[in-house]
Structure formats: structure tokens, C-alpha cells
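J.: Have a look at this one before I ask anything.
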Amino acid sequence: MVRAVSKRLVDTKDSGENSGKMTDNDLLKRLEKLEKQNATLKNRKEKFVPEEDEPLKADTYIEVVSLCPTILTLSTEPKGRGINYTWNDFGQIRQIIYSDLQKIIQNHGSGLYTDFIRKGYVYINHPEVIKKSGLKEVYEKLLTKKQVDVVLQCEAEVKGVSPSINFFESTIKSQQLLICTILIDRIARGAILDLNILARFSRTAGCDIVNLAEEAKSYLDMNLKQSA
């Protein structure tokens with residue numbers, strides 16, 4: 001922090017006739033000193049780099065949240081080798097060091113092995129990582145955890161506007177299907193949601209949510225009877 005300091009132009013040691021008087025040499029010296037101070041401050045400002053533009057350190061922890069309704073495991077190397085990170089359910093957050101996350105993005109975001117990163121199975125909560133990983137364009141179409149939560153509320157249209165519908169129709173097909181899977185499970189377990197909104201989602205994603213929820217409910221009931 002640069003503290004503003006008031007400098008007296010009068011030397012407190014002077015007294016009598018010379019008190020308050022300055023020679024041309026004194027003025028020149030003070031001007032030169034001020035110019036040097038200004039140059040130093042300017043140099044500091046030019047060298048200052050905002051935090052978000054600083055290089056990400058390999059051991060920096062990055063928040064990654066699951067948007068997948070089932071258990072999801074991502075590895076730093078192909079075919080499950082390397083270090084594995086597991087999310088047990090939708091909304092769970094894992095803190096992953098940046099060096100490992102880079103490997104996960106390469107392994108699960110290139111399309112050569114799996115494409116969980118680009119398809120919205122997880123969401124990286126760090127704009128700078130998204131930018132540096134070449135995912136900015138992809139993330140412009142993906143929903144965040146909070147936006148998915150809005151979709152899951154299945155809010156009815158008010159004056160022709162429904163945030164749930166707007167978000168759902170703005171995202172990519174793979175994320176729409178993930179949301180449908182979550183809705184199917186919730187309905188099968190007793191959730192009551194707006195049928196008109198569900199029908200709209202079904203048409204958009206090409207997935208019959210209500211019928212699939214009924215099938216899922218029958219399997220749940222069957223399992224409950226068998227375990228009783």
C-alpha cells in the first residue's frame with residue numbers, strides 16, 4: 001500500500017530570516033526527488049499484474065463440481081490409470097490440483113478417450129482455467145450448477161417466460177440428457193413436477209421423461225419388494 005505523505009517545504013531546522021525561504025537549488029532538488037518518486041510509482045503500476053492473469057501454479061486447488069446424476073470417476077491417464085477422482089452424486093465438489101486437472105482435461109476432454117469435460121458431466125469453477133484450457137467457447141453453452149438447479153425446479157411460464165425452459169433449451173444435448181436423467185429419478189422417487197414443462201423438455205431433448213420415470217418407479221418398487 002502506498003501511503004500518502006505530506007512533505008513540508010519548510011525545513012523545521014531553519015529559523016529566523018531563512019525560515020520559509022528556499023533557493024532555486026533547493027526547488028530543483030525537490031522537483032528531481034518528486035520526479036523520481038513518480039517514476040518509481042509508475043514503474044510499479046506497469047509491473048503490476050492482476051491476480052487473474054498470473055500464471056496458475058501446478059499445486060493450486062481448482063473447484064470442480066459434478067453435474068452427473070450417477071457416480072463419475074475421471075483419471076489423469078487413459079483407461080483409468082494414474083490418479084482417479086470420483087464424484088458420488090450430482091452437485092458434489094472436488095478440489096483438484098491444477099496439474100492433475102490439466103491431465104484430466106486432456107484425457108477426458110479431447111474426444112479421443114472420453115469427452116466428459118466438453119459434454120458437461122462436470123463443471124470447472126475457475127474462469128482462468130477454462131480460458132487457458134481452450135474451453136471458453138464450450139463453456140459459453142454449458143450450464144452451471146446453479147442454472148441446472150433452476151431447470152430442475154421446472155418453473156411454469158409466467159407471461160411467456162420460464163427460466164427453467166430458457167436454460168434447458170440453451171445448453172447442449174448431452175447436458176439436456178443429464179438433466180432428464182436427474183428428473184426421471186426424482187419423479188420415480190415421488191417428486192411432483194409441472195407436466196407441461198416436462199413435455200417441453202422431452203420434445204427438446206428427444207427423451208420421454210414421464211414414461212421413463214414410470215418405468216424407473218416400477219423397478220424401484222420391485223427392488224423394495226424383493227428386499228422386504
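Identifiers in the C-alpha cells: chain A, B, ... in order shown; residue index from 1 per chain; ligand index from 1 in order shown.
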Write out, as a tab-separated table, each residue of region 54-167 of chain A that has an atom at most 10 Å from region 186-196 of chain A, together with the closest pair of atoms and their distance in Å to one decimal, counting only C-alpha atoms, rows going by chain and rising number.

T.:
residue	atom	partner	partner_atom	distance
A:Leu152	CA	A:Leu193	CA	9.0
A:Gln153	CA	A:Leu193	CA	7.7
A:Cys154	CA	A:Asp194	CA	6.3
A:Glu155	CA	A:Asp194	CA	7.4
A:Ala156	CA	A:Asp194	CA	6.9
A:Glu157	CA	A:Asn196	CA	9.6

J.: As an MDAnalysis selection string, please: the residues near Ser174 (chain A) (cut-off 12 Å, only C-alpha atoms, same-chain neighbours under 2 positions excluded).

T.: chainID A and resid 67:68 115:122 141:143 168:172 176:181 204:207

J.: Could you list, as an MDAnalysis selection string, every residue within 8 Å of Arg94 (chain A), counting only C-alpha atoms and ignoring same-chain residues fewer than 2 positions away?

T.: chainID A and resid 63:65 85 87 92 96

J.: Can you work out the spacing between CA of Gly91 (chain A) and CA of Glu137 (chain A) in Å, to one decimal?

T.: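 Going from CA of Gly91 (chain A) over to CA of Glu137 (chain A), I get 22.9 Å.
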
J.: Determine which residues of region 149-187 of chain A receive a DSSP assignment of alpha helix (DSSP H), computed from the backbone, and state them as a PDB file with N, CA and C atoms, in the first residue's frame.

T.:
ATOM      1  N   ASP A 149     -29.890 -26.232 -11.329  1.00  0.00           N
ATOM      2  CA  ASP A 149     -30.864 -26.262 -10.225  1.00  0.00           C
ATOM      3  C   ASP A 149     -32.150 -25.526 -10.605  1.00  0.00           C
ATOM      4  N   VAL A 150     -32.000 -24.425 -11.345  1.00  0.00           N
ATOM      5  CA  VAL A 150     -33.176 -23.676 -11.807  1.00  0.00           C
ATOM      6  C   VAL A 150     -33.993 -24.526 -12.777  1.00  0.00           C
ATOM      7  N   VAL A 151     -33.324 -25.216 -13.669  1.00  0.00           N
ATOM      8  CA  VAL A 151     -34.013 -26.091 -14.628  1.00  0.00           C
ATOM      9  C   VAL A 151     -34.776 -27.177 -13.888  1.00  0.00           C
ATOM     10  N   LEU A 152     -34.160 -27.765 -12.876  1.00  0.00           N
ATOM     11  CA  LEU A 152     -34.768 -28.878 -12.144  1.00  0.00           C
ATOM     12  C   LEU A 152     -36.021 -28.473 -11.372  1.00  0.00           C
ATOM     13  N   PRO A 163     -37.606 -19.381 -16.728  1.00  0.00           N
ATOM     14  CA  PRO A 163     -36.151 -19.551 -16.629  1.00  0.00           C
ATOM     15  C   PRO A 163     -35.730 -21.007 -16.829  1.00  0.00           C
ATOM     16  N   SER A 164     -36.554 -21.928 -16.348  1.00  0.00           N
ATOM     17  CA  SER A 164     -36.237 -23.352 -16.482  1.00  0.00           C
ATOM     18  C   SER A 164     -36.144 -23.749 -17.954  1.00  0.00           C
ATOM     19  N   ILE A 165     -37.127 -23.333 -18.732  1.00  0.00           N
ATOM     20  CA  ILE A 165     -37.139 -23.653 -20.163  1.00  0.00           C
ATOM     21  C   ILE A 165     -36.004 -22.943 -20.890  1.00  0.00           C
ATOM     22  N   ASN A 166     -35.805 -21.675 -20.572  1.00  0.00           N
ATOM     23  CA  ASN A 166     -34.762 -20.897 -21.246  1.00  0.00           C
ATOM     24  C   ASN A 166     -33.381 -21.519 -21.053  1.00  0.00           C
ATOM     25  N   PHE A 167     -33.078 -21.895 -19.822  1.00  0.00           N
ATOM     26  CA  PHE A 167     -31.777 -22.513 -19.551  1.00  0.00           C
ATOM     27  C   PHE A 167     -31.664 -23.872 -20.234  1.00  0.00           C
ATOM     28  N   PHE A 168     -32.714 -24.682 -20.117  1.00  0.00           N
ATOM     29  CA  PHE A 168     -32.681 -26.028 -20.685  1.00  0.00           C
ATOM     30  C   PHE A 168     -32.455 -25.987 -22.198  1.00  0.00           C
ATOM     31  N   GLU A 169     -33.138 -25.107 -22.871  1.00  0.00           N
ATOM     32  CA  GLU A 169     -33.032 -25.050 -24.328  1.00  0.00           C
ATOM     33  C   GLU A 169     -31.756 -24.359 -24.810  1.00  0.00           C
ATOM     34  N   SER A 170     -31.040 -23.705 -23.902  1.00  0.00           N
ATOM     35  CA  SER A 170     -29.817 -23.003 -24.298  1.00  0.00           C
ATOM     36  C   SER A 170     -28.578 -23.891 -24.248  1.00  0.00           C
ATOM     37  N   LYS A 173     -26.993 -30.869 -26.102  1.00  0.00           N
ATOM     38  CA  LYS A 173     -27.831 -32.062 -25.996  1.00  0.00           C
ATOM     39  C   LYS A 173     -27.377 -32.988 -24.855  1.00  0.00           C
ATOM     40  N   SER A 174     -26.080 -33.187 -24.714  1.00  0.00           N
ATOM     41  CA  SER A 174     -25.603 -34.105 -23.680  1.00  0.00           C
ATOM     42  C   SER A 174     -25.982 -33.624 -22.281  1.00  0.00           C
ATOM     43  N   GLN A 175     -25.923 -32.313 -22.056  1.00  0.00           N
ATOM     44  CA  GLN A 175     -26.307 -31.792 -20.740  1.00  0.00           C
ATOM     45  C   GLN A 175     -27.823 -31.850 -20.551  1.00  0.00           C
ATOM     46  N   GLN A 176     -28.573 -31.674 -21.614  1.00  0.00           N
ATOM     47  CA  GLN A 176     -30.025 -31.833 -21.535  1.00  0.00           C
ATOM     48  C   GLN A 176     -30.386 -33.251 -21.090  1.00  0.00           C
ATOM     49  N   LEU A 177     -29.691 -34.241 -21.654  1.00  0.00           N
ATOM     50  CA  LEU A 177     -29.970 -35.632 -21.307  1.00  0.00           C
ATOM     51  C   LEU A 177     -29.577 -35.950 -19.866  1.00  0.00           C
ATOM     52  N   LEU A 178     -28.495 -35.328 -19.379  1.00  0.00           N
ATOM     53  CA  LEU A 178     -28.118 -35.495 -17.974  1.00  0.00           C
ATOM     54  C   LEU A 178     -29.214 -34.956 -17.059  1.00  0.00           C
ATOM     55  N   ILE A 179     -29.754 -33.809 -17.434  1.00  0.00           N
ATOM     56  CA  ILE A 179     -30.840 -33.201 -16.646  1.00  0.00           C
ATOM     57  C   ILE A 179     -32.079 -34.087 -16.680  1.00  0.00           C
ATOM     58  N   CYS A 180     -32.385 -34.634 -17.849  1.00  0.00           N
ATOM     59  CA  CYS A 180     -33.539 -35.539 -17.980  1.00  0.00           C
ATOM     60  C   CYS A 180     -33.377 -36.746 -17.062  1.00  0.00           C
ATOM     61  N   THR A 181     -32.169 -37.280 -16.974  1.00  0.00           N
ATOM     62  CA  THR A 181     -31.906 -38.437 -16.118  1.00  0.00           C
ATOM     63  C   THR A 181     -32.161 -38.103 -14.650  1.00  0.00           C
ATOM     64  N   ILE A 182     -31.747 -36.892 -14.243  1.00  0.00           N
ATOM     65  CA  ILE A 182     -31.987 -36.455 -12.857  1.00  0.00           C
ATOM     66  C   ILE A 182     -33.488 -36.321 -12.604  1.00  0.00           C
ATOM     67  N   LEU A 183     -34.210 -35.738 -13.558  1.00  0.00           N
ATOM     68  CA  LEU A 183     -35.662 -35.559 -13.414  1.00  0.00           C
ATOM     69  C   LEU A 183     -36.380 -36.899 -13.356  1.00  0.00           C
ATOM     70  N   ILE A 184     -35.955 -37.828 -14.184  1.00  0.00           N
ATOM     71  CA  ILE A 184     -36.566 -39.160 -14.203  1.00  0.00           C
ATOM     72  C   ILE A 184     -36.436 -39.826 -12.834  1.00  0.00           C
ATOM     73  N   ASP A 185     -35.253 -39.730 -12.252  1.00  0.00           N
ATOM     74  CA  ASP A 185     -35.020 -40.335 -10.941  1.00  0.00           C
ATOM     75  C   ASP A 185     -35.864 -39.647  -9.864  1.00  0.00           C
ATOM     76  N   ARG A 186     -35.959 -38.326  -9.923  1.00  0.00           N
ATOM     77  CA  ARG A 186     -36.720 -37.599  -8.895  1.00  0.00           C
ATOM     78  C   ARG A 186     -38.211 -37.895  -8.985  1.00  0.00           C
ATOM     79  N   ILE A 187     -38.719 -37.975 -10.210  1.00  0.00           N
ATOM     80  CA  ILE A 187     -40.146 -38.293 -10.386  1.00  0.00           C
ATOM     81  C   ILE A 187     -40.420 -39.719  -9.910  1.00  0.00           C
TER      82      ILE A 187
END

J.: Based on DSSP run over this structure's backbone, return all residues of region 49-220 of chain A in strand (DSSP E), as a PyMOL selection string.

T.: chain A and resi 61-66+72-75+84-87+93-97+122-124

J.: Would you mind telling me which residue in A:Ala58, A:Asn84, A:Gln226, A:Ser66 lies nearest to Ile124 (chain A) when using only C-alpha atoms?

T.: A:Ser66

J.: So what do you get for CA of Glu140 (chain A) versus CA of Pro127 (chain A), distance-wise?

T.: 11.0 Å

J.: Taking only C-alpha atoms into account, name the residue in A:Arg203, A:Gln147, A:His126, A:Gln95 that is nearest to Asp59 (chain A).

T.: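 Closest residue, counting only C-alpha atoms: A:Gln95.
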
J.: Between CA of Ser99 (chain A) and CA of Thr76 (chain A), what is the distance in Å, rounded to a tenth?

T.: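 Atom-to-atom, CA of Ser99 (chain A) to CA of Thr76 (chain A), that is 9.5 Å.
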
J.: May I ask which of the residues A:Leu135, A:Leu224, A:Val148, A:Ile83 is the closest one to Ile105 (chain A), counting only C-alpha atoms?

T.: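 Under the stated criterion, the closest residue is A:Leu135.
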